[in-house]
$ cat entry-v1.txt   # compact mmCIF, C-alpha atoms and all ligand atoms
# COMPACT_ATOMS: atom_id res chain seq x y z
CA MET A 5 91.36 111.27 70.71
CA THR A 6 88.94 112.11 73.52
CA VAL A 7 88.56 109.36 76.08
CA SER A 8 85.47 109.03 78.25
CA THR A 9 86.62 108.65 81.85
CA ALA A 10 83.07 107.56 82.74
CA GLU A 11 83.44 104.65 80.36
CA LEU A 12 86.87 103.73 81.78
CA LEU A 13 85.46 103.92 85.32
CA ASP A 14 82.48 101.69 84.52
CA LEU A 15 84.76 99.12 82.93
CA ALA A 16 87.27 99.21 85.81
CA LEU A 17 84.46 98.81 88.37
CA ARG A 18 82.96 95.84 86.53
CA VAL A 19 86.30 94.09 86.01
CA ALA A 20 87.50 94.71 89.59
CA ALA A 21 84.28 93.17 90.90
CA GLU A 22 84.70 90.11 88.65
CA ALA A 23 88.33 89.62 89.65
CA GLY A 24 87.45 90.15 93.31
CA SER A 25 84.76 87.44 93.14
CA LEU A 26 87.21 85.08 91.50
CA VAL A 27 90.01 85.48 94.05
CA ARG A 28 87.63 85.36 96.98
CA ARG A 29 86.02 82.17 95.65
CA LEU A 30 89.43 80.57 95.05
CA ARG A 31 90.42 81.47 98.62
CA GLU A 32 87.26 79.92 100.05
CA GLU A 33 87.23 76.80 97.91
CA ALA A 34 90.82 75.68 97.98
CA GLU A 35 93.99 75.73 100.01
CA VAL A 36 96.03 78.65 98.65
CA SER A 37 99.74 78.03 98.35
CA VAL A 38 102.81 79.79 97.04
CA ALA A 39 103.19 79.18 93.30
CA ALA A 40 106.56 80.95 93.01
CA THR A 41 108.77 83.54 94.60
CA LYS A 42 109.87 86.66 92.77
CA SER A 43 112.38 89.31 93.88
CA SER A 44 113.17 87.56 97.21
CA PRO A 45 111.92 84.49 99.16
CA THR A 46 109.35 86.72 100.91
CA ASP A 47 107.98 88.08 97.61
CA VAL A 48 105.41 85.43 96.75
CA VAL A 49 102.86 84.83 94.02
CA THR A 50 99.89 82.44 94.15
CA GLU A 51 97.91 80.89 91.28
CA SER A 52 95.12 83.29 92.26
CA ASP A 53 97.32 86.32 91.47
CA ARG A 54 97.93 84.86 88.02
CA ALA A 55 94.28 83.91 87.41
CA SER A 56 93.13 87.36 88.53
CA GLU A 57 95.57 89.10 86.20
CA ARG A 58 94.50 86.90 83.25
CA LEU A 59 90.83 87.71 83.91
CA ILE A 60 91.49 91.45 84.21
CA ARG A 61 93.70 91.64 81.16
CA ASP A 62 91.31 89.63 78.98
CA ALA A 63 88.27 91.61 80.10
CA LEU A 64 89.90 95.03 79.66
CA LEU A 65 91.48 94.27 76.30
CA THR A 66 88.37 92.51 74.98
CA ALA A 67 86.33 95.62 75.79
CA ARG A 68 89.04 98.00 74.53
CA PRO A 69 91.42 96.15 72.19
CA GLY A 70 93.61 99.18 71.45
CA ASP A 71 94.60 99.85 75.06
CA GLY A 72 97.95 99.15 76.69
CA PHE A 73 98.34 97.04 79.83
CA LEU A 74 100.84 96.60 82.67
CA GLY A 75 100.19 93.99 85.37
CA GLU A 76 102.33 92.98 88.34
CA GLU A 77 102.41 89.34 87.29
CA GLY A 78 104.08 90.09 84.00
CA GLY A 79 101.22 90.94 81.70
CA SER A 80 102.00 93.77 79.35
CA ALA A 81 100.68 95.06 76.08
CA ASP A 82 101.56 98.13 74.08
CA GLY A 83 98.49 99.99 72.99
CA SER A 84 97.61 102.52 70.37
CA SER A 85 94.61 104.22 71.99
CA GLY A 86 96.53 106.41 74.49
CA VAL A 87 94.89 104.50 77.39
CA HIS A 88 97.17 102.30 79.49
CA TRP A 89 95.89 100.10 82.31
CA VAL A 90 98.06 99.57 85.41
CA VAL A 91 96.89 96.62 87.47
CA ASP A 92 97.70 94.79 90.69
CA PRO A 93 95.60 91.60 90.47
CA ILE A 94 95.97 90.99 94.23
CA ASP A 95 97.55 93.71 96.36
CA GLY A 96 98.27 92.17 99.74
CA THR A 97 99.22 88.71 98.49
CA VAL A 98 100.78 87.71 101.81
CA ASN A 99 97.54 88.59 103.63
CA TYR A 100 95.61 86.60 101.00
CA LEU A 101 97.91 83.62 101.52
CA TYR A 102 97.33 83.66 105.29
CA GLY A 103 93.56 84.23 105.09
CA LEU A 104 93.77 87.79 106.38
CA PRO A 105 91.04 90.05 104.98
CA THR A 106 93.20 93.00 103.89
CA TYR A 107 93.78 92.50 100.19
CA ALA A 108 92.45 94.17 97.08
CA VAL A 109 92.21 94.24 93.32
CA SER A 110 93.66 97.51 92.05
CA ILE A 111 92.94 98.86 88.55
CA ALA A 112 94.04 102.23 87.20
CA ALA A 113 93.71 103.80 83.77
CA GLU A 114 96.32 106.23 82.53
CA VAL A 115 95.77 108.56 79.61
CA ASP A 116 98.95 109.93 78.07
CA GLY A 117 100.90 108.81 81.13
CA GLU A 118 98.62 110.39 83.75
CA VAL A 119 96.35 108.31 86.00
CA VAL A 120 92.78 109.45 85.33
CA VAL A 121 90.72 106.62 86.85
CA GLY A 122 91.41 104.43 89.88
CA VAL A 123 89.44 101.57 91.41
CA VAL A 124 90.45 99.56 94.50
CA HIS A 125 88.15 96.70 95.50
CA ASN A 126 88.40 94.64 98.68
CA PRO A 127 86.33 91.50 98.00
CA VAL A 128 86.21 90.52 101.69
CA SER A 129 84.75 93.78 103.01
CA SER A 130 82.91 94.37 99.71
CA GLU A 131 84.26 97.92 99.69
CA THR A 132 85.09 99.60 96.40
CA TRP A 133 86.95 102.91 96.32
CA SER A 134 87.02 104.86 93.08
CA ALA A 135 88.23 108.17 91.75
CA VAL A 136 88.25 110.11 88.52
CA ARG A 137 90.85 112.85 88.14
CA GLY A 138 89.25 116.19 88.95
CA GLU A 139 85.96 114.60 90.06
CA GLY A 140 86.70 113.37 93.59
CA ALA A 141 87.06 110.03 95.33
CA TRP A 142 84.14 107.87 96.39
CA LEU A 143 83.24 104.93 98.61
CA ALA A 144 79.69 103.51 98.73
CA GLY A 145 78.20 106.68 97.23
CA ARG A 146 79.99 108.95 99.72
CA ARG A 147 82.50 111.55 98.57
CA LEU A 148 85.71 111.11 100.53
CA GLN A 149 87.72 113.69 102.42
CA VAL A 150 91.06 113.10 104.14
CA SER A 151 91.39 113.75 107.87
CA GLN A 152 92.25 117.24 109.02
CA VAL A 153 94.76 116.15 111.69
CA SER A 154 97.58 118.66 111.37
CA VAL A 155 100.26 117.59 113.86
CA PRO A 156 102.42 114.47 113.70
CA GLU A 157 101.80 113.58 117.35
CA GLY A 158 98.10 113.27 116.52
CA ALA A 159 98.63 111.25 113.36
CA LEU A 160 97.97 107.55 112.78
CA VAL A 161 100.48 106.65 110.09
CA GLY A 162 100.33 103.63 107.79
CA THR A 163 103.45 102.13 106.29
CA GLY A 164 104.74 99.03 104.56
CA PHE A 165 107.97 97.24 103.79
CA GLY A 166 109.49 96.00 100.55
CA TYR A 167 110.72 92.46 100.01
CA ASP A 168 114.49 93.06 99.85
CA PRO A 169 115.96 92.27 103.32
CA GLY A 170 118.54 95.09 103.20
CA VAL A 171 115.95 97.69 102.21
CA ARG A 172 113.58 96.28 104.81
CA ALA A 173 116.17 96.73 107.58
CA ARG A 174 116.59 100.41 106.67
CA GLN A 175 112.81 100.87 106.46
CA GLY A 176 112.41 99.29 109.90
CA ALA A 177 114.99 101.65 111.40
CA ALA A 178 113.26 104.69 109.86
CA VAL A 179 109.85 103.54 111.13
CA ALA A 180 111.31 102.97 114.63
CA THR A 181 112.44 106.61 114.73
CA LEU A 182 109.08 107.86 113.44
CA LEU A 183 107.14 105.76 115.95
CA ALA A 184 108.22 108.01 118.83
CA GLN A 185 106.90 111.10 117.02
CA VAL A 186 103.40 110.09 115.90
CA ARG A 187 100.21 108.73 117.45
CA ASP A 188 100.97 105.22 116.22
CA ILE A 189 102.00 103.16 113.20
CA ARG A 190 99.93 100.61 111.23
CA ARG A 191 101.22 98.01 108.77
CA ALA A 192 98.14 96.53 107.11
CA GLY A 193 99.89 94.77 104.20
CA ALA A 194 98.31 96.27 101.08
CA ALA A 195 99.57 99.61 99.80
CA SER A 196 96.47 100.34 97.71
CA LEU A 197 94.25 99.89 100.76
CA ASP A 198 96.60 102.04 102.88
CA LEU A 199 96.16 104.86 100.37
CA CYS A 200 92.38 104.31 100.40
CA SER A 201 92.51 104.43 104.20
CA VAL A 202 94.09 107.88 103.99
CA ALA A 203 91.31 108.89 101.57
CA THR A 204 88.69 107.62 104.03
CA GLY A 205 90.23 109.10 107.19
CA ARG A 206 91.06 105.66 108.62
CA LEU A 207 94.69 106.73 108.54
CA ASP A 208 95.97 110.29 108.77
CA ALA A 209 99.07 109.61 106.71
CA TYR A 210 100.90 106.89 104.82
CA VAL A 211 104.58 106.54 104.00
CA GLU A 212 106.37 103.79 102.11
CA GLN A 213 109.51 103.32 100.05
CA GLY A 214 109.87 101.00 97.09
CA LEU A 215 106.32 100.96 95.73
CA ALA A 216 105.86 99.71 92.18
CA PRO A 217 103.54 101.50 89.72
CA TRP A 218 100.73 98.94 90.26
CA ASP A 219 100.84 99.48 94.06
CA LEU A 220 100.48 103.24 93.70
CA ALA A 221 98.46 104.04 90.58
CA ALA A 222 94.82 103.60 91.66
CA GLY A 223 95.21 104.25 95.40
CA GLY A 224 97.39 107.31 94.78
CA LEU A 225 94.67 108.94 92.67
CA ILE A 226 92.00 108.04 95.23
CA ALA A 227 94.01 109.61 98.08
CA ALA A 228 94.79 112.72 96.01
CA GLU A 229 91.15 113.17 94.93
CA ALA A 230 90.14 112.98 98.61
CA GLY A 231 92.44 115.94 99.30
CA ALA A 232 95.76 114.28 100.16
CA ARG A 233 99.06 115.53 98.92
CA VAL A 234 100.68 112.43 97.43
CA ALA A 235 104.37 113.02 96.76
CA GLY A 236 107.94 112.29 97.76
CA LEU A 237 110.10 114.57 99.88
CA GLY A 238 111.43 117.98 98.80
CA GLY A 239 109.01 118.38 95.92
CA ALA A 240 109.81 115.00 94.35
CA GLU A 241 107.06 113.05 92.64
CA ALA A 242 105.65 110.02 94.43
CA GLY A 243 107.36 106.89 93.18
CA ARG A 244 109.66 104.01 93.98
CA ARG A 245 111.95 106.19 96.11
CA LEU A 246 109.14 107.34 98.44
CA VAL A 247 105.40 107.85 98.66
CA VAL A 248 103.94 110.10 101.35
CA ALA A 249 100.20 110.78 101.49
CA ALA A 250 98.51 113.14 103.97
CA ASN A 251 96.51 116.34 104.03
CA PRO A 252 98.83 119.18 102.92
CA VAL A 253 99.29 120.67 106.42
CA LEU A 254 100.21 117.34 107.98
CA PHE A 255 102.39 116.51 104.96
CA SER A 256 104.48 119.65 105.57
CA ALA A 257 104.75 118.91 109.30
CA LEU A 258 105.83 115.31 108.64
CA GLU A 259 108.36 116.14 105.92
CA PRO A 260 111.34 117.08 108.17
CA LEU A 261 110.64 114.16 110.52
CA LEU A 262 110.55 111.66 107.64
CA SER A 263 113.72 113.08 106.20
CA GLU A 264 115.55 112.93 109.56
CA ALA A 265 114.27 109.40 110.18
CA GLY A 266 115.88 108.30 106.91
CA PHE A 267 112.85 107.73 104.67
CA GLY A 268 113.63 108.05 100.99
CA THR A 269 117.24 106.99 101.31
CA ALA A 270 116.91 103.24 100.59
C1 LIG A 301 102.81 94.68 98.54
C2 LIG A 301 101.83 95.27 99.52
C3 LIG A 301 102.53 95.71 100.78
C4 LIG A 301 103.63 96.70 100.50
C5 LIG A 301 104.62 96.14 99.48
C6 LIG A 301 103.87 95.70 98.23
P1 LIG A 301 101.83 92.79 96.93
O1 LIG A 301 102.16 94.33 97.34
O2 LIG A 301 101.17 96.37 98.95
O3 LIG A 301 101.65 96.34 101.69
O4 LIG A 301 104.28 96.99 101.71
O5 LIG A 301 105.53 97.17 99.18
O6 LIG A 301 104.79 95.14 97.32
O7 LIG A 301 103.15 92.10 96.78
O8 LIG A 301 101.03 92.21 98.02
O9 LIG A 301 101.09 92.96 95.66
CA CA A 302 100.27 91.98 93.92

$ encode --input "entry-v1.txt" --output "structure tokens"
Amino acid sequence: MTVSTAELLDLALRVAAEAGSLVRRLREEAEVSVAATKSSPTDVVTESDRASERLIRDALLTARPGDGFLGEEGGSADGSSGVHWVVDPIDGTVNYLYGLPTYAVSIAAEVDGEVVVGVVHNPVSSETWSAVRGEGAWLAGRRLQVSQVSVPEGALVGTGFGYDPGVRARQGAAVATLLAQVRDIRRAGAASLDLCSVATGRLDAYVEQGLAPWDLAAGGLIAAEAGARVAGLGGAEAGRRLVVAANPVLFSALEPLLSEAGFGTA
């Protein structure tokens, strides 16, 4: 079956905007609190995460009933169309909880297991990044291009930390080693937006261990379509073990440093 990526993109853009309006309104109207914790006491979920995922799932599957769905807050559906949606209803939940503006709705469409469309929408800044495989990455009508910084000492590097305390301790040690070798480190708190920042040249590189599929799917395509190499170390695919995103020259220069610092071992 041939799938129209233009149709998937239009749908993802519309649904991301609707979910973004919902979570922003909920944040403005009511006190947001922790509804539950998940993998550890620091891994929180709010009612807004759940409401956003319900909205996204209902809207996508109403428009395209045969599609599959995977959402961070537990939503899943097997599909028969070959299209599978991978969704983070709020990426940056801790920022959202504290009223910090760095959070996003992230929606990706996979066809036969490959991400072909990605949309990341920050409802506070009203910025929407999008990409279609093979057709580039875009923000506000502008085609995106990663930075051309080629040396680690000139690179602003984004990172993040998982929720498991043991893993977090190892990640902190690796970042401490890297800090002495790069321009500086940023920890913004939303992996999808970190990847979009690489796409936009607001970061030169991004590295994080332990990402789930919904953290990576849309932002990873957006960074790649803006010219980033998005992968693990030593030719591995990007995934839970490690995600590195940077222009290919910087990626190669960072690779031995990341390996020596201990990234990809947790
Ligand atoms: C988290 C954020 C954070 C990253 C974590 C993610 P969530 O997602 O993207 O920046 O460091 O690895 O789990 O929990 O806010 O959806
Ligand atoms: Ca989330």

$ residues_near_ligand --input "entry-v1.txt" --ligand "ligand LIG 301 (chain A)" --cutoff "8 Å" --atoms "only C-alpha atoms and all ligand atoms" --output "count of residues only"
32

$ closest_residue --input "entry-v1.txt" --among "A:Ala177, A:Ala141, A:Leu183, A:Leu74" --to "Gly158 (chain A)" --atoms "only C-alpha atoms"
A:Leu183

$ residues_around --input "entry-v1.txt" --residues "region 7-24 of chain A" --least-positions-apart "2" --cutoff "8 Å" --atoms "all atoms listed in the file" --output "PyMOL selection string"
chain A and resi 5+26-28+56+59-60+63-64+93+108-113+120-127+134+136

$ atom_distance --input "entry-v1.txt" --atom1 "CA of Val87 (chain A)" --atom2 "CA of Leu225 (chain A)"
15.9 Å

$ closest_residue --input "entry-v1.txt" --among "A:Val150, A:Leu220, A:Ala34, A:Ala228" --to "ligand CA 302 (chain A)" --atoms "all atoms listed in the file"
A:Leu220

$ closest_residue --input "entry-v1.txt" --among "A:Trp142, A:Phe73, A:Gly205, A:Trp218" --to "ligand CA 302 (chain A)" --atoms "only C-alpha atoms and all ligand atoms"
A:Trp218

$ closest_residue --input "entry-v1.txt" --among "A:Glu77, A:Glu51, A:Asp71, A:Glu118" --to "ligand CA 302 (chain A)" --atoms "only C-alpha atoms and all ligand atoms"
A:Glu77

$ closest_residue --input "entry-v1.txt" --among "A:Arg233, A:Ser80, A:Gly170, A:Arg31" --to "Leu104 (chain A)" --atoms "all atoms listed in the file"
A:Arg31

$ atom_distance --input "entry-v1.txt" --atom1 "CA of Ala242 (chain A)" --atom2 "CA of Gly140 (chain A)"
19.3 Å

$ atom_distance --input "entry-v1.txt" --atom1 "CA of Val153 (chain A)" --atom2 "CA of Leu258 (chain A)"
11.5 Å

$ axis_aligned_box --input "entry-v1.txt" --around "region 116-123 of chain A" --padding-each-side "6 Å" --output "JSON"
{"center_x": 95.2, "center_y": 106.0, "center_z": 84.7, "size_x": 23.5, "size_y": 20.8, "size_z": 25.3}

$ closest_residue --input "entry-v1.txt" --among "A:Leu101, A:Pro45, A:Pro69, A:Leu148" --to "ligand CA 302 (chain A)" --atoms "all atoms listed in the file"
A:Leu101

$ residues_around --input "entry-v1.txt" --residues "Val202 (chain A)" --least-positions-apart "5" --cutoff "8 Å" --atoms "all atoms listed in the file" --output "list in words"
Val150, Ser151, Leu207, Asp208, Ala209, Tyr210, Ala227, Ala232, Ala249 and Ala250 of chain A

$ residues_near_point --input "entry-v1.txt" --point "(100.1, 111.0, 117.0)" --cutoff "7 Å" --atoms "only C-alpha atoms" --output "list in words"
Pro156, Glu157, Gly158, Ala159, Leu160, Gln185, Val186, Arg187 and Asp188 of chain A

$ write_last_selection --input "entry-v1.txt" --atoms "C-alpha atoms" --output "PDB file, in the frame of the given file"
ATOM      1  CA  PRO A 156     102.420 114.470 113.700  1.00  0.00           C
ATOM      2  CA  GLU A 157     101.800 113.580 117.350  1.00  0.00           C
ATOM      3  CA  GLY A 158      98.100 113.270 116.520  1.00  0.00           C
ATOM      4  CA  ALA A 159      98.630 111.250 113.360  1.00  0.00           C
ATOM      5  CA  LEU A 160      97.970 107.550 112.780  1.00  0.00           C
ATOM      6  CA  GLN A 185     106.900 111.100 117.020  1.00  0.00           C
ATOM      7  CA  VAL A 186     103.400 110.090 115.900  1.00  0.00           C
ATOM      8  CA  ARG A 187     100.210 108.730 117.450  1.00  0.00           C
ATOM      9  CA  ASP A 188     100.970 105.220 116.220  1.00  0.00           C
TER      10      ASP A 188
END
